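The block underneath contains the structure these notes are about, expressed in structure tokens.
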Amino acid sequence: MTLARWVLRITLWGLGGLLVLGLAGVLWLRQSPYWAGFTLFAAAHRVENFRAMDRIFPTRPIPREGSVWAFDVDPRPLPATYRYDGAERALAAFLDRTVTTGLIVVHRGAITHETYHLGADETSPFTSWSMAKSVVSALIGIAVEEGRIASTRDPIGTYVPALVDSAYGEVPIEDALTMSSGVAFDEGYDHPFSDINMVFIRAMALREPVEQTLARL
């Protein structure tokens with residue numbers, strides 16, 4: 001066997017081994033908790049992921065207390081088009097383009113329109129993302145009113161012991177509510193190892209509490 005053939009054979013065996021290892025790695029990754037972290041925002045998985053956050057993230061149910069206020073229902077048809085930037089545009093095309101999974105219109109305390117798309121229905125759980133900030137802000141206001149929080153100028157560490165020795169520890173609650181804490185945080189979703197993606201990966205794959213990840217910043 002010539003040297004060239006020997007080198008070629010070794011190279012082919014090496015490439016074959018790397019291919020097998022690569023496929024095994026992908027199969028392992030797809031079965032591991034890390035897979036959800038890497039595919040959370042991927043176009044092929046995003047819609048389903050956003051309806052399954054209780055399976056992807058560590059979760060804890062919070063039971064309701066007392067009676068639940070219900071909306072009245074006053075069905076009305078939506079217009080087929082809307083005007084934007086000087087042009088008439090199709091509403092259906094907008095919903096498709098924005099990958100809308102649910103649309104609800106509330107007018108004067110009554111639901112006037114409610115539709116679901118892309119496999120969702122009225123029983124589907126949806127992640128609220130940044131809408132939760134408004135809920136948290138309202139809860140902080142209630143806590144102040146009830147005397148559970150003395151002042152929104154109190155440092156966060158006063159009420160969240162896990163953050164006492166972190167960069168967030170001395171940040172006033174009010175500054176966090178207005179997203180002006182000053183803590184360096186990379187929210188680049190397209191960067192695999194950005195701070196925001198590491199929060200997701202650590203929470204989903206390592207089951208690490210989010211406040212523990214934030215405390216490292």
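Just so we're on the same page: first chain in the structure tokens is A, next is B, and so on; residues restart at 1 for each chain, and ligands are numbered from 1 in the order they show up.
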(request) Report as a PyMOL selection string: the residues of segment 21-122 of chain A with a DSSP assignment of strand (DSSP E or B), based on the backbone of this structure. (result) chain A and resi 72-73+81-84+87-90+102-107+110-116
(request) If you run DSSP over the backbone, which residues in segment 54-207 of chain A end up helix (DSSP H, G or I)? Put them as a PyMOL selection string. (result) chain A and resi 54-56+91-97+131-145+156-158+161-163+173-177+195-205
Writing out the chosen residues with C-alpha atoms as a PDB file, in the first residue's frame:
ATOM      1  CA  ASP A  54     -44.405  25.079  32.059  1.00  0.00           C
ATOM      2  CA  ARG A  55     -42.648  22.010  30.612  1.00  0.00           C
ATOM      3  CA  ILE A  56     -39.537  23.867  29.433  1.00  0.00           C
ATOM      4  CA  LEU A  91     -55.713  42.236   8.669  1.00  0.00           C
ATOM      5  CA  ALA A  92     -55.375  38.512   7.866  1.00  0.00           C
ATOM      6  CA  ALA A  93     -52.040  39.128   6.140  1.00  0.00           C
ATOM      7  CA  PHE A  94     -50.816  41.048   9.203  1.00  0.00           C
ATOM      8  CA  LEU A  95     -51.750  38.169  11.536  1.00  0.00           C
ATOM      9  CA  ASP A  96     -49.929  35.689   9.269  1.00  0.00           C
ATOM     10  CA  ARG A  97     -46.860  37.904   8.965  1.00  0.00           C
ATOM     11  CA  MET A 131     -46.545  41.868  29.682  1.00  0.00           C
ATOM     12  CA  ALA A 132     -45.647  40.318  33.044  1.00  0.00           C
ATOM     13  CA  LYS A 133     -43.703  43.502  33.861  1.00  0.00           C
ATOM     14  CA  SER A 134     -46.968  45.424  34.102  1.00  0.00           C
ATOM     15  CA  VAL A 135     -48.402  42.742  36.388  1.00  0.00           C
ATOM     16  CA  VAL A 136     -45.295  42.845  38.605  1.00  0.00           C
ATOM     17  CA  SER A 137     -45.496  46.640  38.732  1.00  0.00           C
ATOM     18  CA  ALA A 138     -49.138  46.470  39.849  1.00  0.00           C
ATOM     19  CA  LEU A 139     -48.277  43.866  42.499  1.00  0.00           C
ATOM     20  CA  ILE A 140     -45.479  46.100  43.819  1.00  0.00           C
ATOM     21  CA  GLY A 141     -48.020  48.926  44.121  1.00  0.00           C
ATOM     22  CA  ILE A 142     -50.362  46.643  46.071  1.00  0.00           C
ATOM     23  CA  ALA A 143     -47.488  45.524  48.332  1.00  0.00           C
ATOM     24  CA  VAL A 144     -46.643  49.182  49.072  1.00  0.00           C
ATOM     25  CA  GLU A 145     -50.297  49.949  49.803  1.00  0.00           C
ATOM     26  CA  ILE A 156     -34.027  45.060  46.008  1.00  0.00           C
ATOM     27  CA  GLY A 157     -31.809  43.115  48.399  1.00  0.00           C
ATOM     28  CA  THR A 158     -34.096  44.129  51.274  1.00  0.00           C
ATOM     29  CA  PRO A 161     -32.103  37.874  49.982  1.00  0.00           C
ATOM     30  CA  ALA A 162     -30.662  35.876  47.058  1.00  0.00           C
ATOM     31  CA  LEU A 163     -29.568  39.164  45.430  1.00  0.00           C
ATOM     32  CA  ILE A 173     -36.973  48.680  43.279  1.00  0.00           C
ATOM     33  CA  GLU A 174     -38.176  51.681  41.267  1.00  0.00           C
ATOM     34  CA  ASP A 175     -35.099  51.581  39.016  1.00  0.00           C
ATOM     35  CA  ALA A 176     -35.697  47.909  38.253  1.00  0.00           C
ATOM     36  CA  LEU A 177     -39.365  48.614  37.490  1.00  0.00           C
ATOM     37  CA  ASP A 195     -26.689  36.797  29.199  1.00  0.00           C
ATOM     38  CA  ILE A 196     -30.324  36.284  28.216  1.00  0.00           C
ATOM     39  CA  ASN A 197     -29.639  32.956  26.524  1.00  0.00           C
ATOM     40  CA  MET A 198     -27.554  31.755  29.455  1.00  0.00           C
ATOM     41  CA  VAL A 199     -30.501  32.545  31.754  1.00  0.00           C
ATOM     42  CA  PHE A 200     -32.674  30.250  29.601  1.00  0.00           C
ATOM     43  CA  ILE A 201     -30.072  27.484  29.270  1.00  0.00           C
ATOM     44  CA  ARG A 202     -29.204  27.443  32.977  1.00  0.00           C
ATOM     45  CA  ALA A 203     -32.857  27.459  33.993  1.00  0.00           C
ATOM     46  CA  MET A 204     -33.934  24.761  31.554  1.00  0.00           C
ATOM     47  CA  ALA A 205     -30.884  22.493  31.432  1.00  0.00           C
TER      48      ALA A 205
END
(request) Give me, please, the distance in Å between atom CA of Met179 of chain A and atom CA of Gln212 of chain A, quoted to one decimal. (result) 19.1 Å
(request) Could you tell me how far atom CA of Thr100 of chain A lies from atom CA of Glu114 of chain A, in Å and to one decimal? (result)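 That distance, rounded to one decimal, is 12.3 Å.
For Val47 of chain A, the residues within 12 Å (counting only C-alpha atoms, excluding itself and residues fewer than 3 positions away along the chain) are Thr39, Leu40, Phe41, Ala42, Ala43, Ala44, Phe50, Arg51, Ala52, Met53, Thr98, Val99, Thr100, Thr101, Gly102, His117, Leu118, Gly119, Ala120, Ser124, Pro125, Phe126 and Thr127 of chain A.
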